[in-house]
Structure formats: structure tokens, C-alpha cells
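Trainee: To start, I am sharing the structure in question, which I have written as C-alpha cells.
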Amino acid sequence: MKALITGGCGFIGSHLAEALLARGDQVTVIDDLSTGRFENVAHLAGHPSFHFAIESITNETVMDRLVSECDRIYHLAAAVGVDLVVRDPVHVLETNVKGTEVVLRIGARYRKKLILASTSEVYGKSTAIPFAEDDDGILGATTRSRWSYACSKAMDEFMALAYHKQMALPVIIMRFFNTVGPRQTGRYGMVIPRFVKQALRGEPLTVYGDGQQSRCFTYVGDVVKAVVALSEEPAAVGQVFNIGSTEEVTIEELARRTITLADSASEVVYIPYKEAYEAGFEDMRRRVPDITKIGSLIGWAPTVDLDGILTRVIEHMRSDNGSAVKGAEPPGPAMERSHRPIEDR
């Protein structure tokens, strides 16, 4: 199988590339390094079945060639992270909507199977816990830029399903729920790497709001297994699937468990949302997936619990590969170019 991974230098994309290579696939990644890091895939660069292009997915000439040469597209490229959503909504909307439109249009030209990464954010402020794939989404007002990411990913889903219905493009949509693990950075607002870095440095763990908002965290290795299995399942085409853990934890409890597992002397401090993001910031109080659908189809369920995830992230950041713990994390290419601060890719 010849696989093309958009956003392949990102956190999830790099783990997916490893898994596909391990099973004998040829893998090409395309990434503009705006949020991804080449270091995530540098160890793969010498592999005879691995190829890469440092380019934007909006470059249609490059995308046409790469899509024409692949058998399957894993579309993970996106602008993600609460910080980026709040501070640079134009970039979020343009990257997510325009980029996906290019991938879909060229994918349809060559009739390639496309596996689209979406997000639990599309459920918005719904209180119908747990979230099932056909549940309504309830989004905030357009005056709240925080919801622009959810809207952009919902539009990606609408476009993908429209291409499937009208042009018979084989599409599978995956809604990720807080994917975490080694290589994820705290640079774009992701809470677990931020907490772990703070704990290992002996710094206060900064909890936004009252800390009673809850999330379910899924280990990246489990997520990759679900992605690969769904891509091989014919009955998954034209469907939407939640991929996530059902182990719910408040952010306050997450901070305290991180301190305990890291054997840290750090304290927990609380920062109002208006100081962390912007005045009037709105958040999802609970985010819990219903994973009945994916379990029934391919028998998938997460295998690594929250303590296991935290332990692995702590060990990774204590290793040489996690040397950023020793000091401030360097800015990525996107931040260097535009001073842009930025879930789960």
C-alpha cells in the first residue's frame, strides 16, 4: 500500500507513519512545518519506503502528483490548538477549509480512499453525554472566535460526505478526542505536555478556569491502531467514527495526578479564562465519547489508561528526546515567521 499522510510531521501523523512503515507500506508525508516538526520523522528519513515533501497542501501542483502516486490519503493536516484558534482564526479557517477542499478535489480526481481527521470539538456545547456520532452539535455565537475551529472541522466533514455522496469518493471520518502521548508539545495549548513540563521543572501547574471541566485522554498508539483498522474496513466508508477513551477526568484532578506521578513538588494555580485566552471565552464543560460504533465494527477500544499515558509522557520528557524540559521550548517555524502562538493533531 502506498500511503500519503498530510500533516505527517505532526504528532499523530508521525506515529501513523511509523505504524504504516512497520507493516510494510510505502509512506509519503507532506507538511509545511507550520505546526509539525521535522524532528518527529527525522529518524524515518533513511527508510527506503519513506518519502517526504516540505510543502503546503494548498500547493495543487505538488498535491496532484502526490495523490496520483498514492493508494490512500490520511488527511491529518490542520491548524489546531486553542491558543491558535483564539488568536489567529483567519489562519485556522483558511488552513482547515481551503486545505481540505484541495485534498478532496484532487482525491476525487483520482478516486483515492481518503481518511479524514476531525475532532470532538464539532459537538460544541452539547450536554448530551456521551457524544454519539449522529448527535446534534451546539456551537457558540460567531462573535466567539473560539468556535471557529469547530465550525471549520464541521465544514470539512460536510464537504467530505458531500464528495462521497455526489462523486462516490471513498471517505472515512474520524473524530479524535484529546489524543496524547510522546512527541506532543505544549506549545499550542495541549494540556498534558504542558502539565508534565511544569511538573518536571518544579513550576506551578496552571489550570484554566475552575478546573472542573472534564476530558477523556486517548493514547496516540491506540488512536493509530483505530485509524489503520478503519482504513482497511470496507464498511467504514461513508461513515463517521468517534475515537477516544471513556475514562473521564477533571483538569484539576489531571494536574494533581501529574504531580504525583512525576514525583514533583509543584503546586496547582488557577488562571481565569479571560487571562489565559480572551474575555468571554467559552469552553466545553464535559467531553466524553460514545465509542459503541467503532467497537461494534472493528472491535476497537483503548488499551492504555490515563495513568499509563501520563507515565509514558513523563518518561519521554525525562529522556534525551524530551530535553525541552530543561528550558523554555523553542518556537516552531510558524511562530518564528508570524509570532503565532497556537487538541489533538
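How things are named: the first chain in the C-alpha cells is A, the next is B, and so on; residues count from 1 in each chain; ligands count from 1 in the order shown.
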With DSSP run on the backbone, what are the alpha helix (DSSP H) residues within stretch 138-295 of chain A? I'd like them as a PyMOL selection string.
Mentor: chain A and resi 148-167+191-201+220-231+251-261+273-276+292-295
Trainee: If you take only C-alpha atoms and a cut-off of 12 Å, which residues of stretch 180-272 of chain A touch stretch 296-312 of chain A, and what are their nearest atom pairs and distances in Å to one decimal, in chain and number order, as a Markdown table?
Mentor:
| residue | atom | partner | partner_atom | distance |
| --- | --- | --- | --- | --- |
| A:Val180 | CA | A:Ile309 | CA | 7.5 |
| A:Gly181 | CA | A:Ile309 | CA | 6.4 |
| A:Pro182 | CA | A:Arg312 | CA | 7.1 |
| A:Arg183 | CA | A:Arg312 | CA | 10.8 |
| A:Gln184 | CA | A:Arg312 | CA | 11.8 |
| A:Val191 | CA | A:Leu310 | CA | 11.4 |
| A:Ile192 | CA | A:Leu310 | CA | 7.7 |
| A:Pro193 | CA | A:Leu310 | CA | 9.0 |
| A:Arg194 | CA | A:Leu310 | CA | 11.6 |
| A:Phe195 | CA | A:Leu310 | CA | 9.8 |
| A:Val196 | CA | A:Leu310 | CA | 8.0 |
| A:Lys197 | CA | A:Leu310 | CA | 11.5 |
| A:Ala199 | CA | A:Leu310 | CA | 11.5 |
| A:Arg215 | CA | A:Leu306 | CA | 10.9 |
| A:Cys216 | CA | A:Leu306 | CA | 8.5 |
| A:Phe217 | CA | A:Leu306 | CA | 6.7 |
| A:Thr218 | CA | A:Pro302 | CA | 7.0 |
| A:Tyr219 | CA | A:Ile309 | CA | 6.1 |
| A:Val220 | CA | A:Ile309 | CA | 9.0 |
| A:Gly221 | CA | A:Val304 | CA | 8.7 |
| A:Asp222 | CA | A:Pro302 | CA | 5.6 |
| A:Val223 | CA | A:Pro302 | CA | 7.8 |
| A:Val224 | CA | A:Pro302 | CA | 10.6 |
| A:Lys225 | CA | A:Trp300 | CA | 8.3 |
| A:Ala226 | CA | A:Trp300 | CA | 6.5 |
| A:Val227 | CA | A:Trp300 | CA | 10.1 |
| A:Val228 | CA | A:Ile298 | CA | 10.7 |
| A:Ala229 | CA | A:Ile298 | CA | 7.0 |
| A:Leu230 | CA | A:Ile298 | CA | 7.3 |
| A:Ser231 | CA | A:Ile298 | CA | 10.6 |
| A:Glu232 | CA | A:Ile298 | CA | 9.8 |
| A:Glu233 | CA | A:Ile298 | CA | 7.7 |
| A:Pro234 | CA | A:Leu297 | CA | 10.3 |
| A:Ala235 | CA | A:Leu297 | CA | 8.0 |
| A:Ala236 | CA | A:Leu297 | CA | 7.9 |
| A:Val237 | CA | A:Leu297 | CA | 11.7 |
| A:Gln239 | CA | A:Leu297 | CA | 11.0 |
| A:Val240 | CA | A:Leu297 | CA | 11.8 |
| A:Phe241 | CA | A:Leu297 | CA | 10.0 |
| A:Asn242 | CA | A:Trp300 | CA | 10.9 |
| A:Ile243 | CA | A:Ala301 | CA | 8.6 |
| A:Gly244 | CA | A:Pro302 | CA | 7.2 |
| A:Ser245 | CA | A:Pro302 | CA | 6.0 |
| A:Thr246 | CA | A:Pro302 | CA | 8.7 |
| A:Glu247 | CA | A:Leu306 | CA | 7.4 |
| A:Glu248 | CA | A:Leu306 | CA | 9.1 |
| A:Val249 | CA | A:Leu306 | CA | 8.8 |
| A:Thr250 | CA | A:Leu306 | CA | 11.9 |
| A:Glu253 | CA | A:Leu306 | CA | 11.3 |
| A:Leu254 | CA | A:Leu306 | CA | 8.9 |
| A:Ala255 | CA | A:Leu310 | CA | 10.5 |
| A:Arg256 | CA | A:Leu310 | CA | 11.5 |
| A:Arg257 | CA | A:Asp307 | CA | 7.9 |
| A:Thr258 | CA | A:Leu310 | CA | 6.7 |
| A:Ile259 | CA | A:Leu310 | CA | 10.1 |
| A:Thr260 | CA | A:Asp307 | CA | 10.3 |
| A:Leu261 | CA | A:Thr311 | CA | 6.7 |
| A:Ala262 | CA | A:Thr311 | CA | 7.9 |
| A:Asp263 | CA | A:Thr311 | CA | 11.0 |
Trainee: Set out as a Markdown table a contact list for stretch 97-123 of chain A and stretch 157-168 of chain A with a cut-off of 9 Å, giving each residue of stretch 97-123 of chain A that qualifies its closest atom pair and distance in Å to one decimal, counting only C-alpha atoms, ordered by chain and rising residue number.
Mentor:
| residue | atom | partner | partner_atom | distance |
| --- | --- | --- | --- | --- |
| A:Thr100 | CA | A:Met159 | CA | 8.4 |
| A:Glu101 | CA | A:Met159 | CA | 7.4 |
| A:Leu104 | CA | A:Ala160 | CA | 6.8 |
| A:Arg105 | CA | A:Tyr163 | CA | 8.3 |
| A:Ala108 | CA | A:Met167 | CA | 7.0 |
| A:Arg111 | CA | A:Ala168 | CA | 8.0 |
| A:Leu114 | CA | A:Ala160 | CA | 8.7 |
| A:Leu116 | CA | A:Ala160 | CA | 7.9 |
| A:Ser118 | CA | A:Glu157 | CA | 7.3 |
Trainee: Pick out each residue of stretch 198-343 of chain A that DSSP on the backbone tags as strand (DSSP E or B); I need them as a count of residues only.
Mentor: 21
Trainee: To one decimal in Å, tell me the separation between atom CA of A:Val67 and atom CA of A:Val27.
Mentor: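 About the pair atom CA of A:Val67 and atom CA of A:Val27: they are 11.9 Å apart.
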Trainee: Choose the residue, out of A:Thr179, A:Ala78, A:Thr35, A:Val102, that has the smallest atom-to-atom separation from A:Asn59; count only C-alpha atoms.
Mentor: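 Among A:Thr179, A:Ala78, A:Thr35, A:Val102, it is A:Val102 that comes nearest to A:Asn59.
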Trainee: Atom CA of A:Ser34 to atom CA of A:Phe52: how many Å, to one decimal?
Mentor: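 Result for atom CA of A:Ser34 versus atom CA of A:Phe52: 15.2 Å, one decimal.
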Trainee: Compare A:Val86, A:Val122, A:Val41, A:Leu169 by their minimum atom-to-atom distance to A:Thr143, counting only C-alpha atoms, and give me the closest one.
Mentor: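 Comparing A:Val86, A:Val122, A:Val41, A:Leu169 against A:Thr143, the winner is A:Val86.
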Trainee: To one decimal place in Å, what is the distance between atom CA of A:Asp290 and atom CA of A:Ile115?
Mentor: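 That distance, rounded to one decimal, is 20.0 Å.
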Trainee: Mind checking which residues fall within 12 Å of A:Ala150, counting only C-alpha atoms, ignoring those fewer than 4 positions away in the same chain, and posting them as a VMD selection string?
Mentor: chain A and resid 78 to 82 85 to 86 89 92 to 93 96 to 97 118 to 125 137 to 142 144 to 146 154 to 157 175 283 to 284 343
